[in-house]
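Visitor: Just dropping this structure here.
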Amino acid sequence: MSEVAVIPQNTKSAWVLPSRGIVGMACLIVAEAAIFLIFIVAYLYYIGKSLAGPTPHDVLDLPIFTSICLLSSSLTVHLAVSALHHGRRSLCSLWLAATVLLGSIFLAGTAHEWYQLIYRDGLTIRTNLFGTTFYSLVGLHATHVVVGLIMLSLALFFSLTGSMTSKDTGRLEVLSLYWHFVDAVWVVVFTVVYVLGR
Amino acid sequence: MATHAPVTDSVVNSAPRRLVLEVLHDWVTTVDHKKIGLMYIGYALIFLVIAGFEALLMRVQLSIPNNHFVSPQVFNQLFTMHGTTMVFFVGMPVLFGFGNYLIPLMIGARDMAFPRLNAFSFWIASFGGLLLYFSYLGGSGLYGAGSAPDVGWFAYAPLTAHVFSPGHSTDYWTLAILLSGIGSIGTALNIVTTIICMRCPGMKLNRMPLLVWLYLVMSCLVFVTVSPLTAAQIMLMLDRYLGSHFFDTQAGGSAVLWMHFFWIFGHPEVYVLILPSFAFANEIIPVYSRKAIFGYPAMVAASVGIGFISLSVWAHHMFTVGMGAGANTFFTLATMIISVPTGIKIFNWLATLWGGKIHFTASMMFAVGFLFQFLIAGLTGIMLSVAPFDWQLSASYFVVAHFHYVLVGAILFILFAAFYYWYPKMTGRLLSEKLGKWHFWIFLIGFHLTFDFMHIPGLEGMPRRIYTYEADRGWMMWNMIVSSGAIFQTIGTLLFVYNMVWSFIKGPIAGPDPWDAWTLEWSTTSPPPHYNFAIIPTVESRRPLWDLKHPDDPDSHYE
Ligand code: HEM
Ligand SMILES: [Cu+2]
């Protein structure tokens, strides 16, 4: 329409802004970190305040092996991104598969731990404050692992069918950011639950 | 001006009328930031009327002593629903609505960064609002106890435990807030990403309109405030459904922990609401003073400062809990410090007005009202920040008066100003100035009758949340005055609603730039086309339209 002001155009200098995916994911990570922080504060606050047993010291074992699996999956997902970046798609699939496998081992470890706690030690979310804070904090983290695994499996599927190409590196990178975050949270949860809380 | 439209714009006689169903389908499936923004605003206005009506019922009940207009149970539900609705389903959506509508236009973008996430956030938040009100039907559940939630807007433990709140009313409250929180985080994420990644060429961070800056700070604040509330609501749900013991004092849980979690959200939340109000003031005051904003960098710095400081003051809501001298001192000082950046803002607005050629439109009148009332509200806030003073007045009507001075006197006033200012952009038609001025004066009288006089029964010891009181307390006259102010406010609001409806049909055509303003949204038609800008603009300064209208004296020479 003629009466509308026309703002002059200028293409002199390149105008580059950060990628949307990365910024969006960074925001999500900040928000999620705040959620975890509150659960962690509650955990720390209730350490040793349970009125009845069992206590963490009696029943918790250090999940060293599964933790190593989860942490090394950060490396494999990184390798998957860089493989995709260089256009080596089958290598990318391989690393993605390794990531999914390592993540699943971690999850299986948690499942086993919970099974033992519930049926051997009789600890449920209702038993005491330890049960309340333990299942909710570890469970919240496990939920994030499940979401990550679903996304990674989808990426693996697309990578195998060949619909993910090096053009999509940016997207896989965003996903890998999320996965790194899930791993980093585990470091904190591990420290709080299995080191400080025991 | 070169950019003024002749009165021939084609808002009236567009294409042949479409079927209602088609229009509806259009709106329900839209991902356009302008439509989503308008839906946010419309949805908030509906809830504003509902929650306003609840306030009216409470004021009728309190206007005379020993009144039995509503029962104590209903009164508890009324203040709970009023507070929850106003904060989560009026304040948040209306501010997000304006943000959604204006931010892409102001930074020269065609849409938000994630349009579908935008639609998702809106619908999930609005579903939360419906859920809250559905509690009136479904809340009694199997137990036949209560219907709407009645635990207060901060829902202190252990009142929310199953023993004290049987039935499902509290669950509706929790779920409604959880959903609204997810929506808020989604929209905030979208706003931050849009601002960082979608600016048009030349729109450097230090050239962004201040409104955009404030929404950036506000959205970052949402991440670290709404998320804790979400976490706390998850815990409450676990307590109520799975029998965990987070806030269960019988099993060693702590009721005070809930207070901390709630106010870690609650205090920054009030800043989440006030920052967009500052944002509107930052756009409206300069345009009607015909001057560029005074002290742009200081304004930005003060906004960021407020964002940070507001994270460290939450326990000023908990002085009466008995936190000990150390904590009391810390939170008193932290709370007082926040008035420094706030003061910077007030002085900058005054300096913008100073020597300006002020146009007293309805919008500007509301903005000036905002300025003075915000000042007074801040002063009563500082009074309450002094722990020993607060011990006397916490949970009294003085506190209620303090925060309504901010929420109504500042936020609602500047929101009205924003409506008068941007309504022409959104609809293509001007609101009636005459009705607008009536609206201003009537509302101003009502506001001051209600909220100035509400301080006094507070000082005389009238506690909040009581459903009635004895005649010999000496609170009667004050309560009568307070309630009568509500009538004026209702009339003012009805005038405003009438104005919006009437002007939508009959108002004068606005043209693209009715206020001779400077930011990019005024360079489009009113309402803007769905793609916003046919050609993505390039900007050289903070006031691109000024540069365009005054090529001989562009801003870029001075910045
Ligand atoms: C200089 C600024 C401010 C200061 C120093 C301040 C201080 C305080 C203090 C100390 C209280 C606690 C009173 C009590 O419960 O005993 C309080 C309550 C409150 N303030 Fe402010 N305030 C300020 C600005 C604001 C703003 C900008 C808003 C809203 C946008 C606000 C909204 C509230 C609300 C909603 C409550 C009460 C919540 C409740 O108990 O239900 N305040 N304020
Ligand atoms: Cu506060």
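Chain labels run A, B, ... following the order of the structure tokens; each chain numbers its residues from 1, and ligands are numbered from 1 in the order shown.
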Given a cut-off of 6 Å, which residues of chain B touch chain A, counting only C-alpha atoms, written out as a PyMOL selection string?

Guide: chain B and resi 3+5+189+193+197+201+223-224+227-228+231+243-244+523+537-538

Visitor: Output N, CA and C atoms for every residue in that selection, as an mmCIF file, in the first residue's frame.

Guide:
```
data_model
loop_
_atom_site.group_PDB
_atom_site.id
_atom_site.type_symbol
_atom_site.label_atom_id
_atom_site.label_comp_id
_atom_site.auth_asym_id
_atom_site.auth_seq_id
_atom_site.Cartn_x
_atom_site.Cartn_y
_atom_site.Cartn_z
ATOM 1 N N THR B 3 3.896 9.794 6.455
ATOM 2 C CA THR B 3 3.418 8.428 6.641
ATOM 3 C C THR B 3 1.946 8.354 7.009
ATOM 4 N N ALA B 5 -1.982 8.138 6.780
ATOM 5 C CA ALA B 5 -2.852 7.558 5.766
ATOM 6 C C ALA B 5 -3.986 8.505 5.452
ATOM 7 N N LEU B 189 10.517 -18.777 26.429
ATOM 8 C CA LEU B 189 11.589 -19.339 25.587
ATOM 9 C C LEU B 189 11.495 -18.762 24.168
ATOM 10 N N THR B 193 14.295 -16.346 22.318
ATOM 11 C CA THR B 193 14.889 -16.784 21.054
ATOM 12 C C THR B 193 14.568 -15.802 19.932
ATOM 13 N N CYS B 197 17.529 -14.033 17.984
ATOM 14 C CA CYS B 197 17.834 -14.611 16.667
ATOM 15 C C CYS B 197 17.065 -14.011 15.498
ATOM 16 N N PRO B 201 18.260 -6.644 10.065
ATOM 17 C CA PRO B 201 19.607 -6.094 9.938
ATOM 18 C C PRO B 201 19.710 -4.701 10.564
ATOM 19 N N PHE B 223 12.136 -18.069 33.382
ATOM 20 C CA PHE B 223 12.792 -19.382 33.480
ATOM 21 C C PHE B 223 13.131 -19.723 34.913
ATOM 22 N N VAL B 224 13.663 -18.733 35.641
ATOM 23 C CA VAL B 224 14.144 -19.048 36.984
ATOM 24 C C VAL B 224 13.086 -18.824 38.051
ATOM 25 N N SER B 227 9.799 -21.964 36.876
ATOM 26 C CA SER B 227 10.263 -23.345 37.018
ATOM 27 C C SER B 227 10.241 -23.821 38.467
ATOM 28 N N PRO B 228 10.741 -23.048 39.431
ATOM 29 C CA PRO B 228 10.611 -23.494 40.813
ATOM 30 C C PRO B 228 9.166 -23.758 41.218
ATOM 31 N N ALA B 231 8.219 -27.029 39.867
ATOM 32 C CA ALA B 231 8.797 -28.093 40.682
ATOM 33 C C ALA B 231 7.987 -28.276 41.958
ATOM 34 N N GLY B 243 1.298 -40.057 48.012
ATOM 35 C CA GLY B 243 1.545 -40.181 49.444
ATOM 36 C C GLY B 243 2.975 -39.903 49.851
ATOM 37 N N SER B 244 3.686 -39.085 49.103
ATOM 38 C CA SER B 244 5.030 -38.692 49.543
ATOM 39 C C SER B 244 4.890 -37.632 50.643
ATOM 40 N N SER B 523 5.363 1.273 11.050
ATOM 41 C CA SER B 523 5.655 1.386 9.620
ATOM 42 C C SER B 523 4.802 0.427 8.808
ATOM 43 N N PRO B 537 12.988 -4.781 6.949
ATOM 44 C CA PRO B 537 13.615 -3.455 7.055
ATOM 45 C C PRO B 537 15.061 -3.520 7.551
ATOM 46 N N THR B 538 15.754 -2.408 7.387
ATOM 47 C CA THR B 538 17.093 -2.260 7.950
ATOM 48 C C THR B 538 17.076 -1.003 8.788
#
```

Visitor: Kindly provide, as a VMD selection string, all nucleotide and amino acid residues lying within 6 Å of ligand 1, counting only C-alpha atoms and all ligand atoms.

Guide: chain B and resid 270 to 271 273 to 274 316 to 317 335 to 336 339 378 381 to 382 384 to 385 390 394 to 395 399 403 406 to 407

Visitor: Dump C-alpha atoms for the selected residues as a PDB file, in the first residue's frame?

Guide:
```pdb
ATOM      1  CA  VAL B 270       5.501  -9.752  40.700  1.00  0.00           C
ATOM      2  CA  TYR B 271       8.501  -8.407  38.818  1.00  0.00           C
ATOM      3  CA  LEU B 273       4.336  -8.650  35.872  1.00  0.00           C
ATOM      4  CA  ILE B 274       5.781  -5.196  36.468  1.00  0.00           C
ATOM      5  CA  HIS B 316      10.461 -10.570  52.868  1.00  0.00           C
ATOM      6  CA  HIS B 317       7.137 -12.371  52.604  1.00  0.00           C
ATOM      7  CA  THR B 335      14.525  -5.545  49.464  1.00  0.00           C
ATOM      8  CA  MET B 336      15.530  -1.964  50.101  1.00  0.00           C
ATOM      9  CA  SER B 339      14.375   0.533  45.105  1.00  0.00           C
ATOM     10  CA  GLY B 378       6.976   1.329  46.012  1.00  0.00           C
ATOM     11  CA  GLY B 381       6.745  -1.661  49.824  1.00  0.00           C
ATOM     12  CA  ILE B 382       9.826  -0.160  51.402  1.00  0.00           C
ATOM     13  CA  LEU B 384       6.975  -3.383  54.636  1.00  0.00           C
ATOM     14  CA  SER B 385      10.531  -4.387  53.917  1.00  0.00           C
ATOM     15  CA  ASP B 390       6.263  -5.949  58.842  1.00  0.00           C
ATOM     16  CA  SER B 394       1.964  -8.676  57.701  1.00  0.00           C
ATOM     17  CA  ALA B 395      -1.231 -10.408  56.623  1.00  0.00           C
ATOM     18  CA  VAL B 399      -0.319  -5.505  52.643  1.00  0.00           C
ATOM     19  CA  PHE B 403       0.153  -4.908  46.394  1.00  0.00           C
ATOM     20  CA  VAL B 406       1.088  -1.955  42.319  1.00  0.00           C
ATOM     21  CA  LEU B 407      -1.148  -4.397  40.526  1.00  0.00           C
TER      22      LEU B 407
END
```

Visitor: Within 8 Å of ligand 2, counting only C-alpha atoms and all ligand atoms, which protein or nucleic acid residues do you find, written as an MDAnalysis selection string?

Guide: chainID B and resid 263 266:268 270 313:317

Visitor: Residues at most 7 Å from Arg290 in chain B, counting only C-alpha atoms, excluding those fewer than 4 positions away in the same chain, as a PyMOL selection string?

Guide: chain B and resi 286+356-358

Visitor: With a distance cut-off of 10 Å and only C-alpha atoms, select the neighbouring residues of Leu177 in chain A, excluding the residue or stretch itself and same-chain residues fewer than 3 positions from it, and output the selection as a list in words.

Guide: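 Close residues of Leu177 in chain A: Ile22, Met25, Ala26, Ile29, Ser74, Val77, His78, Arg171, Leu172, Glu173, Val174, His180, Phe181, Val182 and Asp183 of chain A.
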
Visitor: DSSP on the backbone, then: every residue of range 72-308 of chain B marked alpha helix (DSSP H), written as a PyMOL selection string.

Guide: chain B and resi 72-84+92-106+115-138+169-197+210-237+255-289+296-308

Visitor: Counting only C-alpha atoms, figure out which residue out of B:Val408, B:Val20, B:Leu431, B:Tyr133 gets nearest to Gly52 in chain B.

Guide: B:Val408

Visitor: Any idea what's packed within 12 Å of range 474-488 of chain B, counting only C-alpha atoms, ignoring anything in its chain fewer than 2 positions away? Could you give it as an MDAnalysis selection string?

Guide: chainID B and resid 52:67 397 401 408 438:463 468:472 490:495

Visitor: Show me, as a PyMOL selection string, the residues that have an atom within 9 Å of range 140-150 of chain A when counting only C-alpha atoms, minus same-chain residues fewer than 4 positions from it.

Guide: chain A and resi 36+39+99-100+103-104+106-107+110+135-136+154-155+175+178-179+182-183+185-186+189

Visitor: Just the number, please: distance in Å from CA of Ile47 in chain A to CA of Val188 in chain A, one decimal.

Guide: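 So the two atoms, CA of Ile47 in chain A and CA of Val188 in chain A, lie 15.4 Å apart.
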
Visitor: Might you pull out every residue within 8 Å of range 84-100 of chain B, with only C-alpha atoms counted and same-chain residues fewer than 4 positions away left off, and present them as an MDAnalysis selection string?

Guide: chainID B and resid 33:34 36:45 47:48 51 80 104 112 126 129 153 177 180 184 187 191 215 273 276

Visitor: For CA of Asp553 in chain B and CA of Pro297 in chain B, determine how far apart the two atoms are, in Å to one decimal place.

Guide: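 A separation of 21.6 Å between them.
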
Visitor: What does the distance from CA of Gly307 in chain B to CA of Val217 in chain B come to in Å, to one decimal?

Guide: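 Between these atoms lies a distance of 6.5 Å.
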
Visitor: When you count only C-alpha atoms, which of these residues is closest to Val187 in chain A: A:Val138, A:Leu152, A:Ala111, A:Ala98?

Guide: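 Nearest candidate to Val187 in chain A out of A:Val138, A:Leu152, A:Ala111, A:Ala98: A:Val138.
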